[in-house]
Amino acid sequence: MMKLNYIRIAAFFKNIWNGMLGIFHEVIFTYLFILAGFLVCLLWWGILIK
Amino acid sequence: MILKPTGEDYKIIGYYLGKIIVSLGILMLIPFALAFVYSEFKPAIDFLLSISLTLSIGSILIVINYTKKDLATMHAMVVASISWLAAMFISAIPLYFSGHYGSYLDACFEAMSGYATPGLTLVNDLDHMAYSYNFWRHLTMFIGGQGIVVIALTFLFRGTAGAFKMYIGEARDEKILPNVIETARFIWLVSLVYLVLGSTALSISGVLGGLKIPKAIFDSVCIFIAAWDTGGFAPQSQNILFYHNFPFEIITVSLMVLGAVNFALHYAVWTGNRRELYRNIEIMTFFITMAVTLTITIWGFVGKDIYINSISFFRKTFYQLISGHTGTGYATIYSRQFVNEWGPLSMLGLGMLGITLAMAIGGSVCSTTGAIKLLRIGVMYKALRQDIKKLVLPETAVLVQKIHHIKDLILEDRHVRASAIILISYITLYLIGTIVGMLCGYSLTEASFESVSAAANVGLSCGITSPAMPEILKIVYILQMWAGRLEFISIFVLGGMVLAALKGKK
């Protein structure tokens, strides 16, 4: 019984940790996406618009 | 032979429709409470009347049609499609009472624009609208973006087998968890976590940008809702342009992108499969279509001195494009600038063409966006590549085309067929709106831009959408928003049931 509770609690915290890492990855991903968009804009601005 | 629907069919549909209407009435308690917080007594009375009416209609439907039978696929599809129309008529009541709309049709347009998440608006004098009405506009977006049926599944349904069929009828074809109610709850969990994070980030940015704290919090919650649900309503008439705040814009872009991501992908990333974010076919397609449409748009600005430096160029072009591609509809330029600077007056109209294409493609399936969607574009591209390979390779060669979406899948004819049906349906819907717009006297460029924006549930406007636009166009856009959000199948089933009721055999 004790062991089962320990496993459940550990799984719970592992889920929380995975969720937090997941959110962190998603947010970083969106900022990388924005950065990529900025670089594309900068490239075309330099070649075509300026 | 088509069979006429029986009385029992109508009872099942009426019973579940009643349940959904009751859940909408309960949700109206939120703006009702907010009216008291802001001491807005006239709106409070309007919401009280609307809640009473909604709960009465819902309860009567439940009592009259009480049944213990579960939903069959036909019932679920019909409930899913009718519930969106019922939600529009009901939610328009407090909006109409607000006095900010020229007619009940305008209020219905606003409600459907909220639920289907385009964010096109016919409101008058938005800047002086009471907080509770304004919040209700945004709340319709939250409800619609998450899915009206998803809300009902989360709170009102207890393990019915028909629940999944209704969930599918609402254009959510991915069951993330084995139990559909657990799936609906996971969708809410993701949204609520990002609600806290996104609203906090926007509030801090708003306060640092000069907003007072209560205003910053109210606006941040509203803007989070509209950005996450790829809606596009804003508490101010000038939309995001009102804030003149670069960090605010960046945060809204990240929320728009996150809102356009498949909930199944959120689940994969949140449960440890983080590499999925860089392998998924939808994300890969998003990168490619974004790069292509951004390049097309930028070509429209060649030889024009509209933007003074690369930063303002990035802030205007990238922002409008990502807003269009994710189906959000937030803008940092005025509507007519699309025509005057991006449209026919730019090089070959490429500016407006690029953004129209981006709007037509949209975000991921099982997200809060509308339009054709990235998975279908990816599938069609892979199918085309497979067909070309078949022609090039020896006839005896066996060709297996794989796609990676959460797991490796073998591309089959049924995937391509399903994608092609939706693709053709969307193109037809875009064309119908364009033709009606042109018949109302608008140019091809403007009519197609606005039609795609309505049908793809985007909400960027080139100036056609206004209280003064022809009534017929308002009705067509309402139908486009509805059909575009539900992705046709449930509407086709509703049409089939009407036909069966008229011409079916007993």
# chains A, B, ... in the order shown; residues from 1 in each chain; ligands from 1

$ interface_residues --of "chain A" --to "chain B" --cutoff "8 Å" --atoms "only C-alpha atoms" --output "PyMOL selection string"
chain A and resi 15+18-23+25-27+30-31+34+37-38+40-42+44-45+48-49

$ atom_distance --atom1 "atom CA of B:Ala130" --atom2 "atom CA of B:Ile20"
26.8 Å

$ residues_around --residues "B:Ile424" --least-positions-apart "5" --cutoff "12 Å" --atoms "only C-alpha atoms" --output "VMD selection string"
chain B and resid 360 371 to 372 376 to 377 380 416 to 419 429 to 431 487 to 488

$ residues_around --residues "stretch 226-240 of chain B" --least-positions-apart "6" --cutoff "8 Å" --atoms "only C-alpha atoms" --output "VMD selection string"
chain B and resid 114 116 to 121 125 to 127 134 137 to 138 141 to 142 145 to 146 191 219 249 252 to 253 255 to 256 258 to 260 326 to 332 334 368 to 369 457 to 459

$ write_last_selection --atoms "N, CA and C atoms" --output "short mmCIF file (atom, residue, chain, number, x, y, z; two decimals), in the first residue's frame"
data_model
loop_
_atom_site.label_atom_id
_atom_site.label_comp_id
_atom_site.auth_asym_id
_atom_site.auth_seq_id
_atom_site.Cartn_x
_atom_site.Cartn_y
_atom_site.Cartn_z
N GLY B 114 -18.44 35.72 -32.88
CA GLY B 114 -17.79 35.32 -31.63
C GLY B 114 -17.66 33.81 -31.54
N ALA B 116 -17.96 31.39 -33.86
CA ALA B 116 -17.17 30.74 -34.90
C ALA B 116 -15.73 31.26 -34.91
N THR B 117 -15.47 32.29 -34.14
CA THR B 117 -14.16 32.94 -33.94
C THR B 117 -13.56 33.68 -35.13
N PRO B 118 -14.35 34.22 -36.06
CA PRO B 118 -13.72 35.12 -37.02
C PRO B 118 -13.34 36.46 -36.38
N GLY B 119 -14.27 37.05 -35.64
CA GLY B 119 -13.94 38.33 -35.02
C GLY B 119 -14.30 39.52 -35.89
N LEU B 120 -15.02 39.27 -36.98
CA LEU B 120 -15.56 40.41 -37.76
C LEU B 120 -16.63 41.05 -36.89
N THR B 121 -16.70 42.37 -36.91
CA THR B 121 -17.62 43.01 -35.97
C THR B 121 -18.50 44.06 -36.63
N ASP B 125 -19.75 52.14 -31.76
CA ASP B 125 -19.21 52.80 -30.57
C ASP B 125 -18.68 51.81 -29.53
N LEU B 126 -17.81 50.92 -29.97
CA LEU B 126 -17.24 49.89 -29.09
C LEU B 126 -16.51 50.49 -27.89
N ASP B 127 -15.85 51.63 -28.12
CA ASP B 127 -15.02 52.21 -27.05
C ASP B 127 -15.85 52.66 -25.84
N ASN B 134 -19.06 43.84 -23.27
CA ASN B 134 -17.79 43.64 -23.98
C ASN B 134 -17.19 42.28 -23.61
N ARG B 137 -18.98 39.46 -25.39
CA ARG B 137 -18.49 39.28 -26.77
C ARG B 137 -17.29 38.35 -26.76
N HIS B 138 -16.36 38.61 -25.84
CA HIS B 138 -15.14 37.81 -25.80
C HIS B 138 -15.41 36.40 -25.28
N MET B 141 -16.39 34.01 -27.76
CA MET B 141 -15.22 33.53 -28.49
C MET B 141 -14.56 32.35 -27.76
N PHE B 142 -14.47 32.47 -26.45
CA PHE B 142 -13.86 31.41 -25.64
C PHE B 142 -14.71 30.13 -25.75
N GLY B 145 -14.46 28.90 -29.45
CA GLY B 145 -13.11 28.42 -29.76
C GLY B 145 -12.87 27.06 -29.14
N GLN B 146 -13.29 26.91 -27.90
CA GLN B 146 -13.13 25.60 -27.24
C GLN B 146 -14.11 24.61 -27.83
N SER B 191 -6.17 25.29 -22.02
CA SER B 191 -6.63 26.66 -22.20
C SER B 191 -6.54 27.45 -20.90
N ASP B 219 -8.40 44.16 -20.23
CA ASP B 219 -8.02 44.04 -21.65
C ASP B 219 -7.19 42.78 -21.89
N GLU B 249 2.45 43.09 -28.77
CA GLU B 249 2.26 42.46 -30.09
C GLU B 249 2.94 41.09 -30.14
N THR B 252 0.99 38.56 -28.18
CA THR B 252 -0.23 38.11 -28.90
C THR B 252 0.14 37.17 -30.05
N VAL B 253 1.27 37.43 -30.70
CA VAL B 253 1.69 36.52 -31.79
C VAL B 253 1.94 35.12 -31.22
N LEU B 255 0.67 33.78 -28.60
CA LEU B 255 -0.61 33.17 -28.22
C LEU B 255 -1.37 32.69 -29.45
N MET B 256 -1.30 33.49 -30.52
CA MET B 256 -1.99 33.09 -31.75
C MET B 256 -1.40 31.77 -32.28
N LEU B 258 0.25 29.47 -30.56
CA LEU B 258 -0.11 28.38 -29.65
C LEU B 258 -1.57 27.96 -29.82
N GLY B 259 -2.43 28.95 -30.07
CA GLY B 259 -3.85 28.65 -30.27
C GLY B 259 -4.09 27.87 -31.55
N ALA B 260 -3.19 28.05 -32.52
CA ALA B 260 -3.36 27.37 -33.81
C ALA B 260 -2.74 25.98 -33.81
N THR B 326 -3.08 32.10 -38.75
CA THR B 326 -3.61 31.37 -37.60
C THR B 326 -5.12 31.56 -37.46
N GLY B 327 -5.70 32.39 -38.32
CA GLY B 327 -7.16 32.59 -38.28
C GLY B 327 -7.61 33.47 -37.15
N THR B 328 -6.72 34.32 -36.66
CA THR B 328 -7.09 35.16 -35.51
C THR B 328 -7.81 36.44 -35.95
N GLY B 329 -7.15 37.21 -36.78
CA GLY B 329 -7.79 38.44 -37.25
C GLY B 329 -7.41 39.68 -36.46
N TYR B 330 -6.40 39.58 -35.60
CA TYR B 330 -5.91 40.79 -34.94
C TYR B 330 -5.14 41.62 -35.97
N ALA B 331 -5.28 42.94 -35.85
CA ALA B 331 -4.62 43.80 -36.85
C ALA B 331 -3.91 44.96 -36.18
N THR B 332 -2.81 45.35 -36.77
CA THR B 332 -2.10 46.55 -36.30
C THR B 332 -2.08 47.60 -37.41
N TYR B 334 -5.08 49.76 -40.17
CA TYR B 334 -6.50 50.00 -40.39
C TYR B 334 -6.99 49.17 -41.58
N THR B 368 -8.16 25.75 -32.35
CA THR B 368 -9.28 26.70 -32.28
C THR B 368 -9.46 27.45 -33.61
N THR B 369 -8.72 27.05 -34.64
CA THR B 369 -8.77 27.79 -35.90
C THR B 369 -9.81 27.19 -36.87
N ASN B 457 -12.89 31.80 -40.86
CA ASN B 457 -12.96 32.24 -39.45
C ASN B 457 -11.74 33.04 -39.04
N VAL B 458 -11.34 33.98 -39.88
CA VAL B 458 -10.16 34.79 -39.58
C VAL B 458 -10.58 36.10 -38.92
N GLY B 459 -11.22 36.98 -39.69
CA GLY B 459 -11.70 38.23 -39.09
C GLY B 459 -10.95 39.47 -39.52
#

$ residues_around --residues "stretch 496-504 of chain B" --least-positions-apart "6" --cutoff "9 Å" --atoms "only C-alpha atoms" --output "JSON, numbers by chain"
{"B": [1, 2, 3, 4, 5, 6, 74, 78]}

$ residues_around --residues "B:Ser335" --least-positions-apart "3" --cutoff "9 Å" --atoms "only C-alpha atoms" --output "NGL selection string"
:B and (331 or 338-339 or 460-464)

$ write_last_selection --atoms "C-alpha atoms" --output "CSV table (one decimal), in the first residue's frame"
chain,number,residue,atom,x,y,z
B,331,ALA,CA,-4.6,43.8,-36.8
B,338,PHE,CA,-5.2,46.4,-46.9
B,339,VAL,CA,-6.7,47.9,-50.0
B,460,LEU,CA,-9.3,40.5,-40.9
B,461,SER,CA,-11.4,43.0,-42.8
B,462,CYS,CA,-10.6,45.2,-45.8
B,463,GLY,CA,-13.5,47.5,-44.9
B,464,ILE,CA,-16.5,45.7,-46.3

$ atom_distance --atom1 "atom CA of B:Ile223" --atom2 "atom CA of B:Ile82"
28.2 Å

$ select_by_dssp --residues "stretch 375-460 of chain B" --states "strand (DSSP E or B)" --output "PyMOL selection string"
chain B and resi 402-405+407-410

$ write_last_selection --atoms "N, CA, C and O atoms" --output "PDB file, in the first residue's frame"
ATOM      1  N   LYS B 402       4.644   7.875 -46.055  1.00  0.00           N
ATOM      2  CA  LYS B 402       4.335   8.026 -44.628  1.00  0.00           C
ATOM      3  C   LYS B 402       4.137   9.492 -44.284  1.00  0.00           C
ATOM      4  O   LYS B 402       4.738  10.375 -44.918  1.00  0.00           O
ATOM      5  N   ILE B 403       3.309   9.737 -43.285  1.00  0.00           N
ATOM      6  CA  ILE B 403       3.230  11.089 -42.713  1.00  0.00           C
ATOM      7  C   ILE B 403       3.417  10.957 -41.207  1.00  0.00           C
ATOM      8  O   ILE B 403       3.066   9.925 -40.631  1.00  0.00           O
ATOM      9  N   HIS B 404       3.992  11.978 -40.604  1.00  0.00           N
ATOM     10  CA  HIS B 404       4.165  11.912 -39.153  1.00  0.00           C
ATOM     11  C   HIS B 404       3.231  12.905 -38.475  1.00  0.00           C
ATOM     12  O   HIS B 404       3.401  14.116 -38.577  1.00  0.00           O
ATOM     13  N   HIS B 405       2.217  12.377 -37.818  1.00  0.00           N
ATOM     14  CA  HIS B 405       1.302  13.215 -37.057  1.00  0.00           C
ATOM     15  C   HIS B 405       1.054  12.510 -35.730  1.00  0.00           C
ATOM     16  O   HIS B 405       0.261  11.589 -35.647  1.00  0.00           O
ATOM     17  N   LYS B 407       2.137  10.110 -34.469  1.00  0.00           N
ATOM     18  CA  LYS B 407       2.845   8.845 -34.723  1.00  0.00           C
ATOM     19  C   LYS B 407       2.987   8.710 -36.237  1.00  0.00           C
ATOM     20  O   LYS B 407       2.360   9.470 -36.985  1.00  0.00           O
ATOM     21  N   ASP B 408       3.818   7.747 -36.657  1.00  0.00           N
ATOM     22  CA  ASP B 408       3.981   7.538 -38.095  1.00  0.00           C
ATOM     23  C   ASP B 408       2.723   6.878 -38.655  1.00  0.00           C
ATOM     24  O   ASP B 408       2.235   5.884 -38.106  1.00  0.00           O
ATOM     25  N   LEU B 409       2.206   7.444 -39.735  1.00  0.00           N
ATOM     26  CA  LEU B 409       1.012   6.898 -40.363  1.00  0.00           C
ATOM     27  C   LEU B 409       1.301   6.635 -41.828  1.00  0.00           C
ATOM     28  O   LEU B 409       2.070   7.388 -42.447  1.00  0.00           O
ATOM     29  N   ILE B 410       0.708   5.578 -42.368  1.00  0.00           N
ATOM     30  CA  ILE B 410       0.840   5.327 -43.806  1.00  0.00           C
ATOM     31  C   ILE B 410      -0.291   6.065 -44.514  1.00  0.00           C
ATOM     32  O   ILE B 410      -1.461   5.952 -44.117  1.00  0.00           O
TER      33      ILE B 410
END

$ select_by_dssp --residues "stretch 71-259 of chain B" --states "alpha helix (DSSP H)" --output "count of residues only"
128
